[in-house]
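*Asks:* Okay, here's the structure, questions in a sec.
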Amino acid sequence: MGAATNLLRSVVRQAAPHVLEATLGPTACFLTGRALWGLEGALALALAWTGGCTLRRVVRGRRMSGLLLIGLVTLVARTVVSLALHSPRAYLMAPALVTILIGAVFVASALAGRPLLELMLRDLVPARWLDTTNPATARLLRRGSIVWGGEQVVSAVVSLAMILRVSTTTYLVFHEAVSLGILAAALLVSAPLLWGPLRALLAARHPRAA
């Protein structure tokens with residue numbers, strides 16, 4: 001339990017700044033901008049946040065966050081589509097459709113033996129935990145890619161249903177909570193699949209905790 005707790009604390013410390021930059025910040029900016037200035041203001045404020053975070057990393061010579069880079073590309077695509085159609089729903093639907101494709105790619109990468117989960121985890125997990133030469137780590141990455149990819153597909157389908165059935169504001173307020181709930185359910189269902197390699201990984205690094 002001690003090793004697992006330490007890992008969880010390390011993940012939270014590692015992931016929190018990236019999640020704030022790439023997810024929570026842009027969402028808060030979009031909601032604020034839409035309430036004050038409408039769709040154009042919402043898009044401009046969200047872009048300003050993400051662009052500012054990106055520029056800060058470039059100026060300071062820091063490694064570009066994978067989550068932030070994905071967020072920037074997605075936000076630009078959302079903005080182009082939204083302004084072209086002048087529709088807040090288009091802003092939300094475009095990334096949901098892309099997420100379905102990305103989820104499928106994650107699953108395919110795991111089946112091909114080159115799990116993409118490793119790239120994303122570099123922003124979320126301390127580097128010492130990503131030794132892919134360790135068989136337990138490799139198994140965890142493969143299985144995790146399948147779980148993550150499947151969860152992304154399900155989450156995107158639910159998002160599309162919400163976009164079509166509820167208001168934009170309601171969607172933005174509740175979307176993150178719904179997505180986290182789906183992720184928690186996916187982890188709970190897949191726990192037996194993930195626990196074996198995770199336990200082996202913990203045992204290799206903390207023999208007394210196994």
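By convention here, the chains of the structure tokens are called A, B, ... in the order presented, each chain's residues are numbered starting at 1, and ligands are numbered starting at 1 in the order presented.
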With a cut-off of 10 Å, could you pull out the residues of stretch 118-201 of chain A touching stretch 90-105 of chain A and give me the nearest pair of atoms for each, distance in Å to one decimal, using only C-alpha atoms, ordered by chain and ascending number, as JSON lines?

*Replies:*
```
{"residue": "A:Ser145", "atom": "CA", "partner": "A:Gly103", "partner_atom": "CA", "distance": 8.7}
{"residue": "A:Ile146", "atom": "CA", "partner": "A:Gly103", "partner_atom": "CA", "distance": 8.5}
{"residue": "A:Val147", "atom": "CA", "partner": "A:Gly103", "partner_atom": "CA", "distance": 9.3}
{"residue": "A:Trp148", "atom": "CA", "partner": "A:Gly103", "partner_atom": "CA", "distance": 7.2}
{"residue": "A:Gly149", "atom": "CA", "partner": "A:Gly103", "partner_atom": "CA", "distance": 3.8}
{"residue": "A:Gly150", "atom": "CA", "partner": "A:Gly103", "partner_atom": "CA", "distance": 6.0}
{"residue": "A:Glu151", "atom": "CA", "partner": "A:Gly103", "partner_atom": "CA", "distance": 7.5}
{"residue": "A:Gln152", "atom": "CA", "partner": "A:Gly103", "partner_atom": "CA", "distance": 5.1}
{"residue": "A:Val153", "atom": "CA", "partner": "A:Ile100", "partner_atom": "CA", "distance": 4.6}
{"residue": "A:Val154", "atom": "CA", "partner": "A:Ile100", "partner_atom": "CA", "distance": 8.0}
{"residue": "A:Ser155", "atom": "CA", "partner": "A:Ala96", "partner_atom": "CA", "distance": 8.4}
{"residue": "A:Ala156", "atom": "CA", "partner": "A:Ala96", "partner_atom": "CA", "distance": 4.9}
{"residue": "A:Val157", "atom": "CA", "partner": "A:Ala96", "partner_atom": "CA", "distance": 7.4}
{"residue": "A:Val158", "atom": "CA", "partner": "A:Ala96", "partner_atom": "CA", "distance": 9.1}
{"residue": "A:Ser159", "atom": "CA", "partner": "A:Ala96", "partner_atom": "CA", "distance": 6.6}
{"residue": "A:Leu160", "atom": "CA", "partner": "A:Met93", "partner_atom": "CA", "distance": 6.4}
{"residue": "A:Ala161", "atom": "CA", "partner": "A:Met93", "partner_atom": "CA", "distance": 9.8}
{"residue": "A:Met162", "atom": "CA", "partner": "A:Met93", "partner_atom": "CA", "distance": 10.0}
{"residue": "A:Ile163", "atom": "CA", "partner": "A:Met93", "partner_atom": "CA", "distance": 7.1}
{"residue": "A:Leu164", "atom": "CA", "partner": "A:Met93", "partner_atom": "CA", "distance": 9.0}
{"residue": "A:Thr168", "atom": "CA", "partner": "A:Leu92", "partner_atom": "CA", "distance": 8.4}
{"residue": "A:Tyr171", "atom": "CA", "partner": "A:Leu92", "partner_atom": "CA", "distance": 9.1}
{"residue": "A:Leu172", "atom": "CA", "partner": "A:Leu92", "partner_atom": "CA", "distance": 9.0}
```

*Asks:* I need the residues from that last selection saved to file as a JSON list (two decimals), in the first residue's frame (with N, CA, C and O atoms), if you can.

*Replies:*
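Saved as out-v8.json:
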```
[["chain", "number", "residue", "atom", "x", "y", "z"],
["A", 145, "SER", "N", -3.28, 0.86, -22.87],
["A", 145, "SER", "CA", -3.67, 1.48, -24.14],
["A", 145, "SER", "C", -5.02, 0.96, -24.63],
["A", 145, "SER", "O", -5.83, 1.71, -25.16],
["A", 146, "ILE", "N", -5.26, -0.34, -24.42],
["A", 146, "ILE", "CA", -6.54, -0.92, -24.81],
["A", 146, "ILE", "C", -7.66, -0.33, -23.96],
["A", 146, "ILE", "O", -8.72, 0.07, -24.48],
["A", 147, "VAL", "N", -7.43, -0.27, -22.65],
["A", 147, "VAL", "CA", -8.45, 0.28, -21.75],
["A", 147, "VAL", "C", -8.70, 1.75, -22.06],
["A", 147, "VAL", "O", -9.85, 2.19, -22.18],
["A", 148, "TRP", "N", -7.62, 2.52, -22.21],
["A", 148, "TRP", "CA", -7.76, 3.95, -22.47],
["A", 148, "TRP", "C", -8.44, 4.20, -23.81],
["A", 148, "TRP", "O", -9.34, 5.05, -23.91],
["A", 149, "GLY", "N", -8.02, 3.47, -24.84],
["A", 149, "GLY", "CA", -8.63, 3.65, -26.15],
["A", 149, "GLY", "C", -10.10, 3.32, -26.15],
["A", 149, "GLY", "O", -10.93, 4.07, -26.69],
["A", 150, "GLY", "N", -10.47, 2.20, -25.51],
["A", 150, "GLY", "CA", -11.88, 1.84, -25.42],
["A", 150, "GLY", "C", -12.68, 2.86, -24.63],
["A", 150, "GLY", "O", -13.81, 3.21, -25.01],
["A", 151, "GLU", "N", -12.09, 3.35, -23.53],
["A", 151, "GLU", "CA", -12.78, 4.36, -22.72],
["A", 151, "GLU", "C", -12.98, 5.65, -23.51],
["A", 151, "GLU", "O", -14.03, 6.30, -23.39],
["A", 152, "GLN", "N", -12.00, 6.02, -24.32],
["A", 152, "GLN", "CA", -12.13, 7.24, -25.11],
["A", 152, "GLN", "C", -13.26, 7.14, -26.13],
["A", 152, "GLN", "O", -14.01, 8.10, -26.34],
["A", 153, "VAL", "N", -13.40, 5.98, -26.74],
["A", 153, "VAL", "CA", -14.48, 5.78, -27.70],
["A", 153, "VAL", "C", -15.84, 5.90, -27.01],
["A", 153, "VAL", "O", -16.74, 6.61, -27.46],
["A", 154, "VAL", "N", -15.98, 5.22, -25.88],
["A", 154, "VAL", "CA", -17.25, 5.27, -25.13],
["A", 154, "VAL", "C", -17.53, 6.69, -24.66],
["A", 154, "VAL", "O", -18.65, 7.21, -24.79],
["A", 155, "SER", "N", -16.51, 7.35, -24.12],
["A", 155, "SER", "CA", -16.68, 8.72, -23.61],
["A", 155, "SER", "C", -17.08, 9.68, -24.74],
["A", 155, "SER", "O", -17.94, 10.56, -24.54],
["A", 156, "ALA", "N", -16.48, 9.51, -25.91],
["A", 156, "ALA", "CA", -16.81, 10.40, -27.03],
["A", 156, "ALA", "C", -18.24, 10.18, -27.52],
["A", 156, "ALA", "O", -18.94, 11.14, -27.87],
["A", 157, "VAL", "N", -18.68, 8.93, -27.55],
["A", 157, "VAL", "CA", -20.05, 8.64, -27.95],
["A", 157, "VAL", "C", -21.04, 9.27, -26.97],
["A", 157, "VAL", "O", -22.05, 9.87, -27.37],
["A", 158, "VAL", "N", -20.74, 9.15, -25.67],
["A", 158, "VAL", "CA", -21.60, 9.78, -24.65],
["A", 158, "VAL", "C", -21.57, 11.30, -24.81],
["A", 158, "VAL", "O", -22.60, 11.97, -24.68],
["A", 159, "SER", "N", -20.41, 11.85, -25.12],
["A", 159, "SER", "CA", -20.29, 13.30, -25.32],
["A", 159, "SER", "C", -21.16, 13.76, -26.49],
["A", 159, "SER", "O", -21.84, 14.79, -26.40],
["A", 160, "LEU", "N", -21.13, 13.02, -27.57],
["A", 160, "LEU", "CA", -21.95, 13.37, -28.73],
["A", 160, "LEU", "C", -23.44, 13.35, -28.36],
["A", 160, "LEU", "O", -24.20, 14.24, -28.77],
["A", 161, "ALA", "N", -23.84, 12.36, -27.59],
["A", 161, "ALA", "CA", -25.24, 12.28, -27.17],
["A", 161, "ALA", "C", -25.60, 13.49, -26.31],
["A", 161, "ALA", "O", -26.69, 14.07, -26.46],
["A", 162, "MET", "N", -24.70, 13.89, -25.41],
["A", 162, "MET", "CA", -24.95, 15.06, -24.56],
["A", 162, "MET", "C", -25.03, 16.34, -25.38],
["A", 162, "MET", "O", -25.89, 17.20, -25.16],
["A", 163, "ILE", "N", -24.12, 16.48, -26.34],
["A", 163, "ILE", "CA", -24.10, 17.68, -27.18],
["A", 163, "ILE", "C", -25.42, 17.87, -27.91],
["A", 163, "ILE", "O", -25.93, 18.98, -28.06],
["A", 164, "LEU", "N", -25.99, 16.76, -28.37],
["A", 164, "LEU", "CA", -27.22, 16.82, -29.15],
["A", 164, "LEU", "C", -28.47, 16.99, -28.28],
["A", 164, "LEU", "O", -29.51, 17.41, -28.78],
["A", 168, "THR", "N", -25.32, 23.94, -24.47],
["A", 168, "THR", "CA", -23.86, 24.00, -24.48],
["A", 168, "THR", "C", -23.31, 24.26, -23.08],
["A", 168, "THR", "O", -22.33, 23.64, -22.66],
["A", 171, "TYR", "N", -23.56, 21.17, -20.96],
["A", 171, "TYR", "CA", -22.55, 20.21, -21.40],
["A", 171, "TYR", "C", -21.19, 20.55, -20.81],
["A", 171, "TYR", "O", -20.50, 19.68, -20.25],
["A", 172, "LEU", "N", -20.77, 21.82, -20.92],
["A", 172, "LEU", "CA", -19.45, 22.21, -20.45],
["A", 172, "LEU", "C", -19.33, 22.07, -18.93],
["A", 172, "LEU", "O", -18.25, 21.75, -18.42]]
```

*Asks:* If you run DSSP on the backbone, which residues of stretch 14-117 of chain A are alpha helix (DSSP H), as a ChimeraX atom specification?

*Replies:* /A:14-19,25-60,66-85,88-111,117

*Asks:* Would you mind reading off the distance between atom CA of A:Gly144 and atom CA of A:Leu116, one decimal, in Å?

*Replies:*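 A separation of 9.6 Å between them.
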
*Asks:* Take atom CA of A:Thr50 and atom CA of A:Gly66 and report the distance between them in Å, one decimal.

*Replies:* 12.8 Å

*Asks:* I'd like the neighbourhood of stretch 20-31 of chain A as a PyMOL selection string, where a residue qualifies if any of its atoms comes within 7 Å (using only C-alpha atoms), though same-chain residues fewer than 5 positions away should be ignored.

*Replies:* chain A and resi 42-43+45-46+49-50+53+67-68+71

*Asks:* Which residue gives the smallest distance to A:Met64 among A:Trp195, A:His18, A:Leu117, A:Thr137, with only C-alpha atoms counted?

*Replies:*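 So, comparing all the options, the nearest one is A:His18.
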
*Asks:* Smallest atom-to-atom distance to A:Ser65: which of A:Leu39, A:Val80, A:Leu121, A:Leu111, using only C-alpha atoms?

*Replies:*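 Comparing A:Leu39, A:Val80, A:Leu121, A:Leu111 against A:Ser65, the winner is A:Leu121.
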
*Asks:* Report, in Å to a single decimal, how far apart atom CA of A:Asp131 and atom CA of A:Leu119 are.

*Replies:*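 Pair atom CA of A:Leu119 / atom CA of A:Asp131 returns 12.5 Å.
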
*Asks:* Just checking: using only C-alpha atoms, which residue out of A:Arg89, A:Gly51, A:Leu75, A:Gly33 ends up closest to A:Thr170?

*Replies:*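 Ranking A:Arg89, A:Gly51, A:Leu75, A:Gly33 by distance to A:Thr170, first place goes to A:Arg89.
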
*Asks:* With distances taken over only C-alpha atoms, which residue among A:Gly38, A:Gly113, A:Pro192, A:Pro135 lies nearest A:Thr169?

*Replies:* A:Gly38
